[in-house]
Amino acid sequence: MQPVETLRILLIDDNSVDSILLVEEIRRARPQAVIETARTAEEGLLKVRKKVYDLVLCDFKLPGISGVAFMKLSRELQPRTPVIILTTERSEKLEQDSCKEGAYGFLRKPVRADILDRMIHGALAGDRRIRPD
């Protein structure tokens, strides 16, 4: 029997309620995952400098630098780590711009559990970007 590889996920969201709900959804589908959280992009960058993550979920609108700015900076440190941008915004342009800048995907909050899991699965499998809807 092969050992189960630990999945390391970083979730960056300044809204503690959203963060708690997302962690619960991820743990429900992936109980083996180790999920760390950060409330700002700057805090997320400190974590990315210290550890390698398999996946980053990052809110678009954060205090300080934006989620897309975080993604650009984190790519310099961990170029192979996929980033999924989360937002409450309803903007197709924002989605297109985020993906042009290198986001694996873009999810609107509140996120349905099945869509979140499908997006995470695709990002970890190295699939081409999946449209959530």
# chains A, B, ... in the order shown; residues from 1 in each chain; ligands from 1
$ closest_atom_pairs --of "range 99-121 of chain A" --to "range 27-42 of chain A" --cutoff "12 Å" --atoms "only C-alpha atoms" --output "JSON lines"
{"residue": "A:Ala113", "atom": "CA", "partner": "A:Ala29", "partner_atom": "CA", "distance": 8.5}
{"residue": "A:Asp114", "atom": "CA", "partner": "A:Ala29", "partner_atom": "CA", "distance": 9.1}
{"residue": "A:Ile115", "atom": "CA", "partner": "A:Ala29", "partner_atom": "CA", "distance": 11.5}
{"residue": "A:Leu116", "atom": "CA", "partner": "A:Ala29", "partner_atom": "CA", "distance": 9.7}
{"residue": "A:Asp117", "atom": "CA", "partner": "A:Ala29", "partner_atom": "CA", "distance": 7.0}
{"residue": "A:Arg118", "atom": "CA", "partner": "A:Ala29", "partner_atom": "CA", "distance": 10.3}
{"residue": "A:Ile120", "atom": "CA", "partner": "A:Arg30", "partner_atom": "CA", "distance": 10.0}
{"residue": "A:His121", "atom": "CA", "partner": "A:Arg30", "partner_atom": "CA", "distance": 10.1}
$ select_by_dssp --residues "chain A" --states "helix (DSSP H, G or I)" --output "compact mmCIF listing (two decimals) with N, CA, C and O atoms, in the first residue's frame"
# COMPACT_ATOMS: atom_id res chain seq x y z
N SER A 16 -13.36 36.21 7.43
CA SER A 16 -13.21 35.00 8.24
C SER A 16 -14.34 34.01 8.04
O SER A 16 -14.13 32.80 8.08
N VAL A 17 -15.57 34.49 7.79
CA VAL A 17 -16.70 33.59 7.56
C VAL A 17 -16.48 32.81 6.26
O VAL A 17 -16.62 31.59 6.21
N ASP A 18 -16.11 33.53 5.19
CA ASP A 18 -15.83 32.86 3.91
C ASP A 18 -14.70 31.84 4.07
O ASP A 18 -14.76 30.73 3.55
N SER A 19 -13.68 32.24 4.80
CA SER A 19 -12.52 31.37 5.01
C SER A 19 -12.93 30.07 5.72
O SER A 19 -12.56 28.97 5.30
N ILE A 20 -13.71 30.20 6.78
CA ILE A 20 -14.16 29.03 7.54
C ILE A 20 -15.00 28.11 6.65
O ILE A 20 -14.80 26.88 6.64
N LEU A 21 -15.93 28.68 5.88
CA LEU A 21 -16.78 27.88 4.99
C LEU A 21 -15.96 27.15 3.93
O LEU A 21 -16.20 25.97 3.64
N LEU A 22 -14.99 27.85 3.35
CA LEU A 22 -14.15 27.22 2.32
C LEU A 22 -13.30 26.09 2.90
O LEU A 22 -13.18 25.02 2.30
N VAL A 23 -12.73 26.32 4.07
CA VAL A 23 -11.94 25.27 4.73
C VAL A 23 -12.81 24.04 4.99
O VAL A 23 -12.40 22.91 4.73
N GLU A 24 -14.02 24.25 5.48
CA GLU A 24 -14.94 23.13 5.74
C GLU A 24 -15.25 22.36 4.46
O GLU A 24 -15.26 21.13 4.46
N GLU A 25 -15.52 23.08 3.39
CA GLU A 25 -15.84 22.42 2.11
C GLU A 25 -14.65 21.61 1.59
O GLU A 25 -14.81 20.49 1.12
N ILE A 26 -13.46 22.18 1.68
CA ILE A 26 -12.27 21.47 1.21
C ILE A 26 -12.03 20.23 2.07
O ILE A 26 -11.76 19.14 1.54
N ARG A 27 -12.13 20.37 3.38
CA ARG A 27 -11.90 19.23 4.28
C ARG A 27 -12.92 18.12 4.09
O ARG A 27 -12.61 16.95 4.23
N ARG A 28 -14.14 18.50 3.76
CA ARG A 28 -15.19 17.49 3.53
C ARG A 28 -14.80 16.60 2.33
O ARG A 28 -14.96 15.39 2.38
N ALA A 29 -14.29 17.22 1.28
CA ALA A 29 -13.93 16.47 0.06
C ALA A 29 -12.51 15.89 0.13
O ALA A 29 -12.24 14.88 -0.49
N ALA A 41 -2.64 39.34 1.45
CA ALA A 41 -1.70 38.83 0.46
C ALA A 41 -0.27 38.86 1.02
O ALA A 41 0.52 37.94 0.77
N GLU A 42 0.03 39.88 1.78
CA GLU A 42 1.37 39.99 2.36
C GLU A 42 1.65 38.81 3.30
O GLU A 42 2.73 38.23 3.28
N GLU A 43 0.66 38.46 4.13
CA GLU A 43 0.79 37.30 5.01
C GLU A 43 0.93 36.02 4.19
O GLU A 43 1.73 35.14 4.51
N GLY A 44 0.18 35.93 3.10
CA GLY A 44 0.29 34.79 2.21
C GLY A 44 1.67 34.67 1.61
O GLY A 44 2.24 33.57 1.51
N LEU A 45 2.25 35.79 1.21
CA LEU A 45 3.60 35.76 0.63
C LEU A 45 4.64 35.29 1.65
O LEU A 45 5.57 34.56 1.30
N LEU A 46 4.48 35.69 2.90
CA LEU A 46 5.39 35.20 3.94
C LEU A 46 5.32 33.68 4.05
O LEU A 46 6.34 33.00 4.17
N LYS A 47 4.12 33.14 3.97
CA LYS A 47 3.94 31.69 4.04
C LYS A 47 4.54 30.99 2.82
O LYS A 47 5.19 29.95 2.93
N VAL A 48 4.34 31.58 1.64
CA VAL A 48 4.87 31.00 0.40
C VAL A 48 6.40 31.01 0.40
O VAL A 48 7.03 30.14 -0.19
N ARG A 49 6.99 31.97 1.07
CA ARG A 49 8.46 32.02 1.17
C ARG A 49 9.01 30.90 2.05
O ARG A 49 10.15 30.49 1.89
N LYS A 50 8.18 30.41 2.98
CA LYS A 50 8.64 29.40 3.94
C LYS A 50 8.27 27.97 3.58
O LYS A 50 8.92 27.04 4.03
N GLY A 67 -5.39 40.09 -4.94
CA GLY A 67 -5.12 38.67 -5.16
C GLY A 67 -4.31 38.42 -6.42
O GLY A 67 -3.44 37.55 -6.46
N VAL A 68 -4.58 39.20 -7.47
CA VAL A 68 -3.82 39.03 -8.72
C VAL A 68 -2.38 39.49 -8.52
O VAL A 68 -1.45 38.84 -9.01
N ALA A 69 -2.17 40.58 -7.79
CA ALA A 69 -0.80 41.03 -7.50
C ALA A 69 -0.07 39.97 -6.67
O ALA A 69 1.10 39.68 -6.91
N PHE A 70 -0.78 39.37 -5.69
CA PHE A 70 -0.20 38.27 -4.91
C PHE A 70 0.23 37.14 -5.84
O PHE A 70 1.32 36.60 -5.72
N MET A 71 -0.65 36.78 -6.76
CA MET A 71 -0.38 35.67 -7.66
C MET A 71 0.90 35.92 -8.47
O MET A 71 1.74 35.04 -8.61
N LYS A 72 1.05 37.12 -8.99
CA LYS A 72 2.26 37.46 -9.77
C LYS A 72 3.51 37.31 -8.91
O LYS A 72 4.51 36.74 -9.35
N LEU A 73 3.46 37.81 -7.67
CA LEU A 73 4.63 37.73 -6.78
C LEU A 73 4.89 36.29 -6.34
O LEU A 73 6.05 35.86 -6.27
N SER A 74 3.85 35.54 -6.07
CA SER A 74 4.04 34.16 -5.61
C SER A 74 4.59 33.28 -6.73
O SER A 74 5.32 32.32 -6.47
N ARG A 75 4.25 33.60 -7.97
CA ARG A 75 4.77 32.83 -9.11
C ARG A 75 6.29 32.89 -9.19
O ARG A 75 6.92 31.97 -9.68
N GLU A 76 6.87 34.01 -8.75
CA GLU A 76 8.33 34.12 -8.73
C GLU A 76 8.94 33.12 -7.74
O GLU A 76 10.05 32.65 -7.93
N LEU A 77 8.19 32.81 -6.68
CA LEU A 77 8.68 31.90 -5.64
C LEU A 77 8.28 30.45 -5.92
O LEU A 77 9.04 29.52 -5.65
N GLU A 92 -17.04 39.57 -15.90
CA GLU A 92 -16.37 38.68 -16.85
C GLU A 92 -14.98 39.21 -17.19
O GLU A 92 -14.04 38.43 -17.38
N LYS A 93 -14.83 40.52 -17.26
CA LYS A 93 -13.51 41.11 -17.55
C LYS A 93 -12.52 40.77 -16.44
O LYS A 93 -11.37 40.44 -16.72
N LEU A 94 -12.96 40.83 -15.20
CA LEU A 94 -12.10 40.48 -14.07
C LEU A 94 -11.64 39.03 -14.18
O LEU A 94 -10.48 38.71 -13.97
N GLU A 95 -12.57 38.15 -14.56
CA GLU A 95 -12.23 36.75 -14.74
C GLU A 95 -11.21 36.58 -15.87
O GLU A 95 -10.20 35.89 -15.71
N GLN A 96 -11.45 37.22 -16.99
CA GLN A 96 -10.53 37.12 -18.13
C GLN A 96 -9.16 37.68 -17.78
O GLN A 96 -8.14 37.07 -18.10
N ASP A 97 -9.13 38.84 -17.11
CA ASP A 97 -7.85 39.45 -16.73
C ASP A 97 -7.08 38.56 -15.76
O ASP A 97 -5.87 38.40 -15.88
N SER A 98 -7.79 37.97 -14.79
CA SER A 98 -7.13 37.09 -13.81
C SER A 98 -6.51 35.88 -14.50
O SER A 98 -5.38 35.49 -14.21
N CYS A 99 -7.26 35.30 -15.41
CA CYS A 99 -6.75 34.11 -16.11
C CYS A 99 -5.62 34.48 -17.07
O CYS A 99 -4.66 33.71 -17.23
N LYS A 100 -5.69 35.65 -17.69
CA LYS A 100 -4.58 36.12 -18.54
C LYS A 100 -3.30 36.27 -17.73
O LYS A 100 -2.21 36.05 -18.23
N ALA A 113 -19.90 23.61 -3.47
CA ALA A 113 -18.91 22.60 -3.09
C ALA A 113 -18.46 21.75 -4.28
O ALA A 113 -17.27 21.48 -4.44
N ASP A 114 -19.40 21.33 -5.14
CA ASP A 114 -19.03 20.48 -6.27
C ASP A 114 -18.15 21.21 -7.27
O ASP A 114 -17.21 20.65 -7.82
N ILE A 115 -18.42 22.49 -7.48
CA ILE A 115 -17.61 23.28 -8.41
C ILE A 115 -16.23 23.53 -7.82
O ILE A 115 -15.22 23.42 -8.53
N LEU A 116 -16.17 23.84 -6.54
CA LEU A 116 -14.88 24.03 -5.87
C LEU A 116 -14.04 22.76 -5.98
O LEU A 116 -12.87 22.82 -6.37
N ASP A 117 -14.63 21.61 -5.70
CA ASP A 117 -13.87 20.36 -5.75
C ASP A 117 -13.41 20.05 -7.17
O ASP A 117 -12.28 19.61 -7.38
N ARG A 118 -14.27 20.29 -8.15
CA ARG A 118 -13.88 20.05 -9.55
C ARG A 118 -12.72 20.95 -9.96
O ARG A 118 -11.79 20.52 -10.64
N MET A 119 -12.78 22.22 -9.55
CA MET A 119 -11.72 23.16 -9.88
C MET A 119 -10.41 22.76 -9.20
O MET A 119 -9.35 22.78 -9.82
N ILE A 120 -10.48 22.37 -7.93
CA ILE A 120 -9.29 21.92 -7.21
C ILE A 120 -8.70 20.68 -7.88
O ILE A 120 -7.50 20.60 -8.11
N HIS A 121 -9.56 19.72 -8.20
CA HIS A 121 -9.09 18.49 -8.85
C HIS A 121 -8.36 18.81 -10.16
O HIS A 121 -7.28 18.29 -10.42
N GLY A 122 -8.97 19.66 -10.98
CA GLY A 122 -8.35 20.02 -12.25
C GLY A 122 -7.01 20.72 -12.08
O GLY A 122 -6.05 20.42 -12.78
N ALA A 123 -6.94 21.63 -11.12
CA ALA A 123 -5.69 22.36 -10.88
C ALA A 123 -4.59 21.41 -10.42
O ALA A 123 -3.45 21.50 -10.88
N LEU A 124 -4.92 20.49 -9.54
CA LEU A 124 -3.92 19.55 -9.02
C LEU A 124 -3.49 18.53 -10.07
O LEU A 124 -2.36 18.07 -10.06
N ALA A 125 -4.41 18.19 -10.97
CA ALA A 125 -4.10 17.22 -12.02
C ALA A 125 -3.34 17.86 -13.18
O ALA A 125 -2.88 17.17 -14.07
$ closest_residue --among "A:Pro82, A:Gly102, A:Arg108, A:Leu10" --to "Phe60 in chain A" --atoms "only C-alpha atoms"
A:Arg108
$ atom_distance --atom1 "CA of Val52 in chain A" --atom2 "CA of Pro110 in chain A"
27.1 Å
$ closest_residue --among "A:Ile12, A:Leu7, A:Val111, A:Ala103" --to "Pro79 in chain A" --atoms "only C-alpha atoms"
A:Ala103
$ select_by_dssp --residues "chain A" --states "strand (DSSP E)" --output "ChimeraX atom specification"
/A:8-12,34-38,55-59,83-87,105-108
$ atom_distance --atom1 "CA of Tyr53 in chain A" --atom2 "CA of Phe106 in chain A"
18.4 Å
$ atom_distance --atom1 "CA of Leu62 in chain A" --atom2 "CA of Asp14 in chain A"
6.2 Å
$ closest_residue --among "A:Asp13, A:Asp59, A:Glu101, A:Asp54" --to "Glu89 in chain A" --atoms "only C-alpha atoms"
A:Asp59
$ decode --residues "range 54-65 of chain A" --atoms "all heavy atoms" --output "short mmCIF file (atom, residue, chain, number, x, y, z; two decimals), in the first residue's frame"
data_model
loop_
_atom_site.label_atom_id
_atom_site.label_comp_id
_atom_site.auth_asym_id
_atom_site.auth_seq_id
_atom_site.Cartn_x
_atom_site.Cartn_y
_atom_site.Cartn_z
N ASP A 54 0.73 23.00 -2.74
CA ASP A 54 0.24 22.33 -3.95
C ASP A 54 -0.78 23.19 -4.68
O ASP A 54 -0.98 23.05 -5.88
CB ASP A 54 -0.40 20.98 -3.58
CG ASP A 54 0.60 20.06 -2.94
OD1 ASP A 54 1.62 19.75 -3.58
OD2 ASP A 54 0.37 19.66 -1.78
N LEU A 55 -1.43 24.08 -3.92
CA LEU A 55 -2.49 24.91 -4.47
C LEU A 55 -2.70 26.13 -3.58
O LEU A 55 -2.56 26.04 -2.37
CB LEU A 55 -3.80 24.10 -4.51
CG LEU A 55 -5.06 24.82 -4.96
CD1 LEU A 55 -5.00 25.16 -6.44
CD2 LEU A 55 -6.29 23.98 -4.67
N VAL A 56 -3.02 27.25 -4.23
CA VAL A 56 -3.39 28.46 -3.49
C VAL A 56 -4.77 28.91 -3.96
O VAL A 56 -5.03 28.99 -5.17
CB VAL A 56 -2.37 29.60 -3.71
CG1 VAL A 56 -2.85 30.88 -3.02
CG2 VAL A 56 -0.99 29.21 -3.21
N LEU A 57 -5.64 29.18 -3.00
CA LEU A 57 -6.94 29.81 -3.26
C LEU A 57 -6.84 31.21 -2.69
O LEU A 57 -6.51 31.37 -1.51
CB LEU A 57 -8.07 29.05 -2.56
CG LEU A 57 -8.29 27.62 -3.02
CD1 LEU A 57 -9.07 26.84 -1.98
CD2 LEU A 57 -9.02 27.60 -4.34
N CYS A 58 -7.08 32.22 -3.51
CA CYS A 58 -6.84 33.60 -3.06
C CYS A 58 -7.99 34.51 -3.46
O CYS A 58 -8.39 34.55 -4.63
CB CYS A 58 -5.54 34.09 -3.69
SG CYS A 58 -5.03 35.72 -3.12
N ASP A 59 -8.52 35.24 -2.48
CA ASP A 59 -9.56 36.22 -2.75
C ASP A 59 -8.97 37.32 -3.64
O ASP A 59 -7.80 37.67 -3.52
CB ASP A 59 -10.05 36.81 -1.42
CG ASP A 59 -11.32 37.62 -1.56
OD1 ASP A 59 -12.01 37.50 -2.59
OD2 ASP A 59 -11.63 38.37 -0.62
N PHE A 60 -9.80 37.85 -4.52
CA PHE A 60 -9.33 38.92 -5.41
C PHE A 60 -9.13 40.23 -4.65
O PHE A 60 -8.12 40.88 -4.77
CB PHE A 60 -10.32 39.14 -6.56
CG PHE A 60 -9.96 40.32 -7.41
CD1 PHE A 60 -8.93 40.23 -8.33
CD2 PHE A 60 -10.63 41.52 -7.26
CE1 PHE A 60 -8.57 41.32 -9.10
CE2 PHE A 60 -10.28 42.62 -8.03
CZ PHE A 60 -9.24 42.52 -8.95
N LYS A 61 -10.13 40.59 -3.85
CA LYS A 61 -10.10 41.88 -3.16
C LYS A 61 -9.62 41.67 -1.73
O LYS A 61 -10.32 41.10 -0.90
CB LYS A 61 -11.49 42.52 -3.16
CG LYS A 61 -11.49 43.97 -2.76
CD LYS A 61 -12.88 44.54 -2.79
CE LYS A 61 -13.21 45.01 -4.18
NZ LYS A 61 -14.48 45.74 -4.25
N LEU A 62 -8.41 42.12 -1.47
CA LEU A 62 -7.78 41.97 -0.15
C LEU A 62 -7.27 43.33 0.32
O LEU A 62 -6.98 44.20 -0.51
CB LEU A 62 -6.60 41.00 -0.23
CG LEU A 62 -6.92 39.55 -0.55
CD1 LEU A 62 -5.65 38.81 -0.96
CD2 LEU A 62 -7.57 38.88 0.65
N PRO A 63 -7.12 43.51 1.63
CA PRO A 63 -6.48 44.74 2.09
C PRO A 63 -5.02 44.74 1.62
O PRO A 63 -4.39 43.70 1.58
CB PRO A 63 -6.57 44.66 3.62
CG PRO A 63 -7.05 43.30 3.96
CD PRO A 63 -7.51 42.63 2.71
N GLY A 64 -4.52 45.88 1.23
CA GLY A 64 -3.14 45.93 0.72
C GLY A 64 -3.15 45.54 -0.75
O GLY A 64 -3.95 46.04 -1.53
N ILE A 65 -2.29 44.60 -1.12
CA ILE A 65 -2.22 44.22 -2.53
C ILE A 65 -3.33 43.24 -2.89
O ILE A 65 -3.82 42.49 -2.04
CB ILE A 65 -0.83 43.66 -2.90
CG1 ILE A 65 -0.53 42.36 -2.18
CG2 ILE A 65 0.26 44.69 -2.66
CD1 ILE A 65 0.74 41.68 -2.66
#
